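J.: The following file, upload13.cif, comprises mmCIF, C-alpha atoms:
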data_final
#
loop_
_atom_site.label_atom_id
_atom_site.label_comp_id
_atom_site.auth_asym_id
_atom_site.auth_seq_id
_atom_site.Cartn_x
_atom_site.Cartn_y
_atom_site.Cartn_z
CA MET A 1 -6.21 7.36 2.35
CA PHE A 2 -4.67 3.89 2.35
CA THR A 3 -1.33 5.32 3.45
CA ALA A 4 -3.04 7.22 6.27
CA LEU A 5 -4.97 4.12 7.36
CA LEU A 6 -1.88 1.94 7.58
CA GLY A 7 0.05 4.67 9.37
CA ASN A 8 -2.69 5.26 11.95
CA LEU A 9 -3.19 1.54 12.53
CA SER A 10 0.51 0.89 13.03
CA LEU A 11 0.94 3.93 15.30
CA LEU A 12 -2.08 2.76 17.29
CA SER A 13 -0.18 -0.46 18.05
CA TYR A 14 2.91 1.53 19.03
CA PHE A 15 1.04 3.79 21.45
CA ALA A 16 -1.18 1.01 22.83
CA LYS A 17 1.97 -0.87 23.80
CA LYS A 18 3.33 2.26 25.54
CA ARG A 19 -0.06 2.93 27.23
CA GLU A 20 -0.18 6.50 25.89
CA THR A 21 -3.92 7.02 26.35
CA GLU A 22 -4.32 10.33 24.52
CA ALA A 23 -2.30 9.13 21.53
CA VAL A 24 -4.28 5.88 21.43
CA VAL A 25 -7.52 7.88 21.24
CA VAL A 26 -6.13 10.10 18.47
CA GLN A 27 -4.89 7.18 16.37
CA THR A 28 -8.15 5.28 16.90
CA LEU A 29 -10.13 8.26 15.65
CA GLY A 30 -7.72 8.47 12.72
CA VAL A 31 -8.30 4.82 11.82
CA ILE A 32 -12.08 5.15 12.07
CA SER A 33 -12.35 8.43 10.14
CA THR A 34 -10.06 7.20 7.36
CA PHE A 35 -11.97 3.93 7.14
CA VAL A 36 -15.21 5.90 6.77
CA VAL A 37 -13.72 7.72 3.77
CA ILE A 38 -12.52 4.42 2.28
CA SER A 39 -16.03 3.01 2.78
CA GLN A 40 -17.43 5.96 0.86
CA LEU A 41 -14.95 5.26 -1.94
CA SER A 42 -16.10 1.65 -2.01
CA ILE A 43 -19.77 2.66 -2.10
CA GLY A 44 -18.95 5.00 -4.98
CA GLU A 45 -17.25 2.05 -6.75
CA ALA A 46 -13.88 3.77 -6.67
CA MET A 47 -12.42 0.83 -4.70
CA PRO A 48 -12.91 -2.85 -5.70
CA LEU A 49 -15.01 -4.88 -3.25
CA PRO A 50 -12.37 -7.62 -2.54
CA GLN A 51 -9.79 -4.99 -1.52
CA TYR A 52 -12.37 -3.25 0.63
CA VAL A 53 -13.32 -6.47 2.40
CA ALA A 54 -9.65 -7.31 3.06
CA THR A 55 -9.05 -3.79 4.39
CA SER A 56 -12.12 -4.05 6.63
CA VAL A 57 -10.90 -7.33 8.14
CA VAL A 58 -7.46 -5.88 8.92
CA VAL A 59 -8.95 -2.73 10.45
CA ALA A 60 -11.40 -4.68 12.62
CA ALA A 61 -8.71 -7.11 13.76
CA GLY A 62 -6.29 -4.27 14.46
CA LEU A 63 -8.74 -2.30 16.59
CA ILE A 64 -9.81 -5.35 18.60
CA LEU A 65 -6.27 -6.64 19.21
CA ASN A 66 -4.91 -3.22 20.16
CA PHE A 67 -7.60 -2.54 22.72
CA LEU A 68 -7.35 -6.01 24.21
CA ASN A 69 -3.60 -5.48 24.56
CA TYR A 70 -4.07 -1.99 26.00
CA TYR A 71 -6.22 -3.42 28.80
CA GLY A 72 -3.89 -6.39 29.34
CA MET A 73 -6.38 -8.96 28.06
CA LEU A 74 -4.40 -10.30 25.10
CA ASN A 75 -2.13 -13.32 24.96
CA SER A 76 1.50 -12.31 24.37
CA THR A 77 1.87 -14.81 21.51
CA ILE A 78 -1.07 -13.30 19.63
CA TRP A 79 0.27 -9.80 20.17
CA GLN A 80 3.71 -10.87 18.90
CA PHE A 81 2.05 -12.28 15.77
CA TRP A 82 0.23 -8.97 15.23
CA GLU A 83 3.45 -6.99 15.69
CA ASP A 84 5.20 -9.23 13.16
CA PHE A 85 2.27 -8.77 10.78
CA ILE A 86 2.34 -4.97 10.90
CA THR A 87 6.15 -4.97 10.68
CA VAL A 88 6.15 -7.09 7.53
CA GLY A 89 3.09 -5.32 6.14
CA GLY A 90 4.43 -1.83 6.83
CA LEU A 91 7.89 -2.54 5.42
CA SER A 92 6.36 -4.10 2.31
CA VAL A 93 3.79 -1.40 1.66
CA LEU A 94 5.90 1.70 2.40
CA PRO A 95 8.35 1.48 -0.56
CA GLN A 96 5.55 0.32 -2.85
CA ILE A 97 3.37 3.31 -1.97
CA MET A 98 6.32 5.65 -2.37
CA TRP A 99 7.01 4.19 -5.81
CA SER A 100 3.37 4.22 -6.90
CA THR A 101 2.95 7.88 -5.98
CA PHE A 102 5.11 8.94 -8.92
CA VAL A 103 3.62 6.62 -11.55
CA PRO A 104 3.37 7.27 -14.57
CA TYR A 105 6.55 9.37 -14.35
CA ILE A 106 8.31 6.15 -13.39
CA PRO A 107 7.42 2.61 -14.59
CA ASN A 108 4.56 0.86 -12.80
CA SER A 109 6.15 -2.01 -10.88
CA ILE A 110 5.62 -4.19 -7.81
CA LEU A 111 9.37 -4.76 -7.47
CA PRO A 112 9.92 -2.31 -4.56
CA GLY A 113 7.20 -3.94 -2.47
CA SER A 114 8.35 -7.46 -3.37
CA ILE A 115 11.96 -6.79 -2.38
CA ALA A 116 10.87 -5.10 0.83
CA PHE A 117 8.58 -8.05 1.66
CA VAL A 118 11.43 -10.55 1.33
CA VAL A 119 13.72 -8.38 3.48
CA ALA A 120 10.99 -7.89 6.11
CA VAL A 121 10.17 -11.61 6.37
CA ALA A 122 13.85 -12.49 6.59
CA SER A 123 14.43 -9.88 9.31
CA VAL A 124 11.50 -11.05 11.44
CA THR A 125 12.49 -14.70 11.00
CA LEU A 126 16.10 -14.03 12.04
CA SER A 127 14.88 -12.02 15.01
CA HIS A 128 12.83 -14.94 16.33
CA SER A 129 15.51 -17.53 15.56
CA GLY A 130 17.99 -15.83 17.88
CA LYS A 131 20.60 -15.46 15.14
CA LEU A 132 20.87 -11.71 15.55
CA SER A 133 22.94 -9.81 18.10
CA GLU A 134 21.38 -8.59 21.33
CA LYS A 135 20.47 -5.27 19.69
CA GLY A 136 18.93 -7.04 16.68
CA PRO A 137 15.45 -7.75 18.10
CA LYS A 138 15.24 -4.22 19.52
CA PHE A 139 16.14 -2.83 16.12
CA ILE A 140 13.49 -4.95 14.40
CA GLY A 141 10.96 -3.80 16.99
CA ALA A 142 11.86 -0.17 16.37
CA ILE A 143 11.45 -0.66 12.62
CA SER A 144 7.71 -1.21 13.07
CA GLY A 145 7.23 2.12 14.82
CA TRP A 146 9.39 4.06 12.39
CA THR A 147 7.68 2.40 9.41
CA ALA A 148 4.33 3.53 10.83
CA THR A 149 5.68 7.05 11.23
CA LEU A 150 7.05 7.11 7.68
CA LEU A 151 3.71 5.85 6.31
CA PHE A 152 1.98 8.63 8.19
CA MET A 153 4.58 11.12 6.96
CA TRP A 154 4.17 10.02 3.34
CA MET A 155 0.47 10.92 3.33
CA PRO A 156 1.06 14.69 2.93
CA VAL A 157 3.74 14.02 0.30
CA SER A 158 1.31 12.06 -1.85
CA GLN A 159 -1.40 14.69 -1.31
CA MET A 160 0.88 17.58 -2.25
CA TRP A 161 2.16 15.68 -5.29
CA THR A 162 -1.46 15.21 -6.36
CA ASN A 163 -2.02 18.93 -5.86
CA PHE A 164 0.98 19.64 -8.08
CA LEU A 165 -0.21 17.35 -10.87
CA ASN A 166 -3.86 18.41 -10.68
CA PRO A 167 -4.16 21.91 -9.18
CA ASP A 168 -7.94 21.84 -9.65
CA ASN A 169 -8.15 19.06 -7.07
CA ILE A 170 -7.18 21.54 -4.35
CA LYS A 171 -10.66 23.03 -4.70
CA GLY A 172 -12.06 19.82 -3.26
CA LEU A 173 -10.07 20.18 -0.06
CA SER A 174 -11.69 21.76 2.97
CA ALA A 175 -9.67 24.56 4.54
CA ILE A 176 -11.24 23.80 7.91
CA SER A 177 -10.25 20.12 7.61
CA MET A 178 -6.64 21.08 6.89
CA LEU A 179 -6.69 23.51 9.81
CA LEU A 180 -8.01 20.79 12.10
CA ALA A 181 -5.31 18.43 10.83
CA MET A 182 -2.69 21.03 11.68
CA LEU A 183 -4.19 21.66 15.12
CA GLY A 184 -4.72 17.99 15.94
CA ASN A 185 -1.17 16.96 15.13
CA GLY A 186 0.23 20.15 16.66
CA LEU A 187 -1.41 19.40 20.00
CA LEU A 188 0.62 16.17 20.21
CA ILE A 189 3.97 17.92 19.80
CA PRO A 190 4.39 19.09 23.44
CA ARG A 191 3.72 15.62 24.87
CA ALA A 192 6.09 13.92 22.42
CA LEU A 193 8.77 16.49 23.26
CA PHE A 194 8.19 16.18 27.01
CA ILE A 195 8.70 12.39 27.10
CA ARG A 196 11.55 12.63 24.56
CA ASP A 197 9.89 10.33 22.01
CA LEU A 198 11.73 11.23 18.80
CA MET A 199 9.56 9.05 16.56
CA TRP A 200 6.31 10.54 17.88
CA PHE A 201 7.70 14.07 17.73
CA THR A 202 8.93 13.61 14.15
CA GLY A 203 5.60 12.25 12.92
CA SER A 204 3.52 14.90 14.68
CA LEU A 205 5.73 17.80 13.57
CA TRP A 206 5.86 16.53 9.98
CA ALA A 207 2.08 16.10 9.78
CA THR A 208 1.56 19.53 11.31
CA LEU A 209 3.90 21.27 8.88
CA PHE A 210 3.39 19.33 5.67
CA TYR A 211 -0.11 17.88 5.87
CA GLY A 212 -2.06 20.55 7.70
CA TYR A 213 -0.05 23.71 7.09
CA GLY A 214 1.45 22.50 3.81
CA ASN A 215 -1.97 22.09 2.22
CA ILE A 216 -3.05 25.45 3.64
CA VAL A 217 -0.07 27.00 1.82
CA CYS A 218 -1.10 25.23 -1.41
CA MET A 219 -4.67 26.48 -1.00
CA TYR A 220 -3.45 30.04 -0.45
CA LEU A 221 -1.16 29.94 -3.49
CA LEU A 222 -4.06 28.71 -5.62
CA LYS A 223 -6.28 31.42 -4.11
CA THR A 224 -8.88 29.15 -2.55
CA ILE A 225 -8.49 30.70 0.91
CA SER A 226 -8.13 34.31 2.03
CA LEU A 227 -4.94 36.05 3.10
CA GLU A 228 -6.40 36.51 6.60
CA PHE A 229 -6.99 32.76 7.00
CA PHE A 230 -3.45 31.99 5.82
CA LEU A 231 -1.84 34.56 8.12
CA ALA A 232 -3.89 33.42 11.12
CA ALA A 233 -2.82 29.79 10.54
CA THR A 234 0.83 30.83 10.08
CA VAL A 235 1.01 33.00 13.20
CA GLY A 236 -0.85 30.42 15.27
CA LEU A 237 1.47 27.62 14.17
CA ILE A 238 4.65 29.56 14.91
CA ALA A 239 3.31 30.70 18.28
CA TRP A 240 2.29 27.16 19.30
CA ILE A 241 5.60 25.53 18.40
CA GLY A 242 7.48 28.35 20.10
CA MET A 243 5.38 28.00 23.25
CA ALA A 244 5.85 24.22 23.30
CA LEU A 245 9.64 24.61 23.19
CA TRP A 246 9.61 27.39 25.78
CA ARG A 247 7.36 25.55 28.24
CA ASP A 248 9.35 22.31 27.93
CA ALA A 249 12.57 24.16 28.74
CA ALA A 250 10.83 25.85 31.68
CA VAL A 251 9.54 22.55 33.10
CA TYR A 252 13.01 20.98 32.91
CA ARG A 253 14.57 24.25 34.13
CA TYR A 254 16.80 24.66 31.12
CA ASN A 255 18.15 27.99 29.98
CA SER A 256 17.48 27.24 26.32
CA PRO A 257 14.88 25.20 24.42
CA LEU A 258 17.72 23.99 22.20
CA ARG A 259 18.77 21.69 25.04
CA SER A 260 15.35 20.04 24.92
CA LEU A 261 15.78 19.39 21.19
CA LYS A 262 19.31 18.07 21.76
CA GLU A 263 18.04 15.59 24.36
CA LEU A 264 15.20 14.60 22.07
CA VAL A 265 17.55 13.71 19.22
CA PHE A 266 20.67 12.48 21.03
CA GLY A 267 19.36 11.50 24.46
CA SER A 268 20.22 12.95 27.85
#
Rewrite the coordinates I just gave you, this time as structure tokens.
T.:
Amino acid sequence: MFTALLGNLSLLSYFAKKRETEAVVVQTLGVISTFVVISQLSIGEAMPLPQYVATSVVVAAGLILNFLNYYGMLNSTIWQFWEDFITVGGLSVLPQIMWSTFVPYIPNSILPGSIAFVVAVASVTLSHSGKLSEKGPKFIGAISGWTATLLFMWMPVSQMWTNFLNPDNIKGLSAISMLLAMLGNGLLIPRALFIRDLMWFTGSLWATLFYGYGNIVCMYLLKTISLEFFLAATVGLIAWIGMALWRDAAVYRYNSPLRSLKELVFGS
């Protein structure tokens, strides 16, 4: 849940800056819904109060700042500070969350997050000091978006790893929720493909395949959903991705959807 929250919050900043209204709405709903779950965990005493309060402050600040920036009501200096904050925060948290996912199979350590924090602070500082090349600041800016995408992409990995370690936990997952996750992320694929946003496309496709559909596969293998439900989800997913590629090629008047994918990855 924490991984999802950070990913949604960081992607909200990315899309708010690009003025992608539909994506802003989706990420906002993602932040709110995930925060509701975290609040339930706190009420159930599964999350310490100080961590919950700190999380609440960051979420509230993030939502307010993003919407002020979206409507052009935020000072550029404040927005730059927020971007630096999520860049450093995302880069620090991502390797730490990846490491922590596999504890106790690997030693419990804060070293990955600490090293990443030092690297992130140094990168942001050098970017503002003007000691990097012309492409340096652009690269640092892109890191924030890709970090957000990777955080979002790691959520299904951690969930599926949990399913592997504790198969009984899959019974607590809602098949309808996983189907909605697959549909929600899948609906963003055509837009990301159309505007040739590789980061957005990668995150949406990954979440569709590995979070929504991936958990549906796990549920089918553990016999918590019917064969009909699994087949309907599979056929629907294949048909939707195929239609997205076909329609994009038709709009651009290409002979093959492979050209759309080539432009997406390598540029026109």
J.: For the structure shown, which residues end up in the PyMOL selection byres ((chain A and resi 247) around 12)? Put them as a ChimeraX atom specification, please?
T.: /A:189-191,193-194,239-246,248-257,260
J.: Quick one: of A:Thr101, A:Thr202, A:Gln96, A:Thr55, who's nearest to Leu261 of chain A, counting only C-alpha atoms?
T.: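 Looking at the shortest contact to Leu261 of chain A, the residue is A:Thr202.
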J.: Pick from A:Trp154, A:Leu198, A:Asp84, A:Asn163: nearest to Val124 of chain A, with only C-alpha atoms counted?
T.: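 Of A:Trp154, A:Leu198, A:Asp84, A:Asn163, the one nearest Val124 of chain A is A:Asp84, counting only C-alpha atoms.
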J.: List the neighbours of segment 31-39 of chain A out to 9 Å using only C-alpha atoms; skip same-chain residues closer than 5 positions along the sequence, and give me the result as a PyMOL selection string.
T.: chain A and resi 1-2+4-9+12+26+44+47+52+55-56+59+63
J.: Translate the PyMOL selection byres ((chain A and resi 206-208) around 10) into a concrete residue list for this structure, as a PyMOL selection string.
T.: chain A and resi 149-150+152-157+178-189+200-205+209-214+237
J.: Please, what distance in Å, to one decimal, runs between atom CA of Gly172 of chain A and atom CA of Phe230 of chain A?
T.: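 Atom-to-atom, atom CA of Gly172 of chain A to atom CA of Phe230 of chain A, that is 17.5 Å.
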J.: Between segment 97-182 of chain A and segment 78-83 of chain A, at 12 Å or less, what are the per-residue closest atom pairs and their distances in Å? Count all atoms listed in the file, order by chain and rising residue number, and return it as JSON lines.
T.:
{"residue": "A:Val124", "atom": "CA", "partner": "A:Glu83", "partner_atom": "CA", "distance": 10.0}
{"residue": "A:Thr125", "atom": "CA", "partner": "A:Phe81", "partner_atom": "CA", "distance": 11.7}
{"residue": "A:Ser127", "atom": "CA", "partner": "A:Gln80", "partner_atom": "CA", "distance": 11.9}
{"residue": "A:His128", "atom": "CA", "partner": "A:Gln80", "partner_atom": "CA", "distance": 10.3}
{"residue": "A:Ile140", "atom": "CA", "partner": "A:Glu83", "partner_atom": "CA", "distance": 10.3}
{"residue": "A:Gly141", "atom": "CA", "partner": "A:Glu83", "partner_atom": "CA", "distance": 8.3}
{"residue": "A:Ala142", "atom": "CA", "partner": "A:Glu83", "partner_atom": "CA", "distance": 10.8}
{"residue": "A:Ile143", "atom": "CA", "partner": "A:Glu83", "partner_atom": "CA", "distance": 10.7}
{"residue": "A:Ser144", "atom": "CA", "partner": "A:Glu83", "partner_atom": "CA", "distance": 7.6}
{"residue": "A:Gly145", "atom": "CA", "partner": "A:Glu83", "partner_atom": "CA", "distance": 9.9}
{"residue": "A:Ala148", "atom": "CA", "partner": "A:Glu83", "partner_atom": "CA", "distance": 11.6}
J.: Measuring between all atoms listed in the file, which one of A:Val119, A:Ile195, A:Ile216, A:Leu227 shows the shortest distance to Lys18 of chain A?
T.: A:Ile195
J.: Quick one: pull the distance between atom CA of Pro50 of chain A and atom CA of Val93 of chain A, Å, one decimal.
T.: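 Straight-line distance from atom CA of Pro50 of chain A to atom CA of Val93 of chain A works out to 17.8 Å.
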J.: Identify all residues satisfying the PyMOL selection byres ((chain A and resi 89) around 10) in the given file; provide them as a list in words.
T.: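 Applying the expression gives Leu6, Ser10, Glu83, Asp84, Phe85, Ile86, Thr87, Val88, Gly90, Leu91, Ser92, Val93, Leu94, Gly113, Ala116, Phe117, Ala120, Val121, Ser144 and Thr147 of chain A.
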J.: Which polymer residues have any atom within 9 Å of an atom of Lys171 of chain A, counting all atoms listed in the file, with same-chain residues fewer than 5 positions away left out, as a list in words?
T.: Met219, Leu222 and Thr224 of chain A
J.: Which residues, written as a ChimeraX atom specification, have at least one atom at most 9 Å from Asn69 of chain A, with all atoms listed in the file counted and residues fewer than 6 positions away on the same chain left out?
T.: /A:13,16-17,75-76,79
J.: In Å, how far is it from atom CA of Ser177 of chain A to atom CA of Met160 of chain A?
T.: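 Computing the Euclidean distance for atom CA of Ser177 of chain A and atom CA of Met160 of chain A yields 15.1 Å.
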J.: Around all the atoms of segment 83-88 of chain A listed in the file, with 6 Å of room on each side, what axis-aligned box do you get, giving centre and edge lengths in Å to one decimal, as lines of an AutoDock Vina configuration file?
T.:
center_x = 4.2
center_y = -7.1
center_z = 11.6
size_x = 15.9
size_y = 16.3
size_z = 20.2
J.: For a quick check of understanding, using all atoms listed in the file, which of A:Ile115, A:Leu65, A:Ala233, A:Leu126 has the smallest distance to Thr77 of chain A?
T.: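 Using all atoms listed in the file, Thr77 of chain A sits closest to A:Leu65.
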J.: Mind filling out segment 3-14 of chain A with all heavy atoms and sending it as a CSV table (one decimal), keeping the file's coordinate frame?
T.:
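The resulting rebuild.csv:
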chain,number,residue,atom,x,y,z
A,3,THR,N,-2.6,5.0,2.7
A,3,THR,CA,-1.3,5.3,3.4
A,3,THR,C,-1.7,5.8,4.9
A,3,THR,O,-1.0,5.4,5.8
A,3,THR,CB,-0.5,6.4,2.7
A,3,THR,OG1,-0.3,6.0,1.4
A,3,THR,CG2,0.8,6.7,3.4
A,4,ALA,N,-2.6,6.7,5.0
A,4,ALA,CA,-3.0,7.2,6.3
A,4,ALA,C,-3.6,6.1,7.2
A,4,ALA,O,-3.3,6.0,8.4
A,4,ALA,CB,-4.1,8.3,6.1
A,5,LEU,N,-4.4,5.2,6.6
A,5,LEU,CA,-5.0,4.1,7.4
A,5,LEU,C,-3.9,3.2,7.9
A,5,LEU,O,-3.9,2.9,9.1
A,5,LEU,CB,-5.9,3.3,6.5
A,5,LEU,CG,-6.6,2.2,7.2
A,5,LEU,CD1,-7.6,2.7,8.3
A,5,LEU,CD2,-7.4,1.4,6.1
A,6,LEU,N,-2.9,2.8,7.1
A,6,LEU,CA,-1.9,1.9,7.6
A,6,LEU,C,-1.0,2.6,8.6
A,6,LEU,O,-0.6,2.0,9.6
A,6,LEU,CB,-1.0,1.5,6.4
A,6,LEU,CG,-1.6,0.5,5.4
A,6,LEU,CD1,-0.7,0.3,4.2
A,6,LEU,CD2,-1.9,-0.8,6.1
A,7,GLY,N,-0.7,3.9,8.4
A,7,GLY,CA,0.0,4.7,9.4
A,7,GLY,C,-0.6,4.8,10.7
A,7,GLY,O,0.0,4.5,11.8
A,8,ASN,N,-1.9,5.1,10.7
A,8,ASN,CA,-2.7,5.3,12.0
A,8,ASN,C,-2.8,3.9,12.7
A,8,ASN,O,-2.7,3.9,13.9
A,8,ASN,CB,-4.1,5.8,11.7
A,8,ASN,CG,-4.1,7.3,11.4
A,8,ASN,OD1,-4.7,7.7,10.4
A,8,ASN,ND2,-3.5,8.1,12.2
A,9,LEU,N,-3.0,2.9,11.9
A,9,LEU,CA,-3.2,1.5,12.5
A,9,LEU,C,-1.9,1.1,13.2
A,9,LEU,O,-1.9,0.5,14.3
A,9,LEU,CB,-3.7,0.5,11.5
A,9,LEU,CG,-4.2,-0.8,12.0
A,9,LEU,CD1,-5.4,-0.5,12.9
A,9,LEU,CD2,-4.7,-1.6,10.8
A,10,SER,N,-0.8,1.3,12.5
A,10,SER,CA,0.5,0.9,13.0
A,10,SER,C,0.9,1.7,14.2
A,10,SER,O,1.4,1.2,15.2
A,10,SER,CB,1.6,1.0,11.9
A,10,SER,OG,1.3,0.2,10.9
A,11,LEU,N,0.6,3.1,14.2
A,11,LEU,CA,0.9,3.9,15.3
A,11,LEU,C,0.0,3.6,16.5
A,11,LEU,O,0.4,3.8,17.6
A,11,LEU,CB,0.8,5.4,14.9
A,11,LEU,CG,1.9,6.0,14.0
A,11,LEU,CD1,1.5,7.3,13.5
A,11,LEU,CD2,3.2,6.0,14.7
A,12,LEU,N,-1.2,3.2,16.2
A,12,LEU,CA,-2.1,2.8,17.3
A,12,LEU,C,-1.4,1.6,18.1
A,12,LEU,O,-1.5,1.6,19.3
A,12,LEU,CB,-3.4,2.3,16.7
A,12,LEU,CG,-4.4,1.7,17.7
A,12,LEU,CD1,-4.8,2.7,18.8
A,12,LEU,CD2,-5.7,1.3,17.0
A,13,SER,N,-0.9,0.7,17.4
A,13,SER,CA,-0.2,-0.5,18.0
A,13,SER,C,1.0,0.0,18.9
A,13,SER,O,1.2,-0.4,20.0
A,13,SER,CB,0.3,-1.5,17.0
A,13,SER,OG,-0.8,-2.0,16.3
A,14,TYR,N,1.8,1.0,18.3
A,14,TYR,CA,2.9,1.5,19.0
A,14,TYR,C,2.5,2.2,20.3
A,14,TYR,O,3.1,2.0,21.4
A,14,TYR,CB,3.6,2.5,18.1
A,14,TYR,CG,4.8,3.3,18.7
A,14,TYR,CD1,6.0,2.7,18.9
A,14,TYR,CD2,4.6,4.6,19.1
A,14,TYR,CE1,7.1,3.3,19.5
A,14,TYR,CE2,5.7,5.3,19.7
A,14,TYR,CZ,6.9,4.7,19.9
A,14,TYR,OH,7.9,5.3,20.5
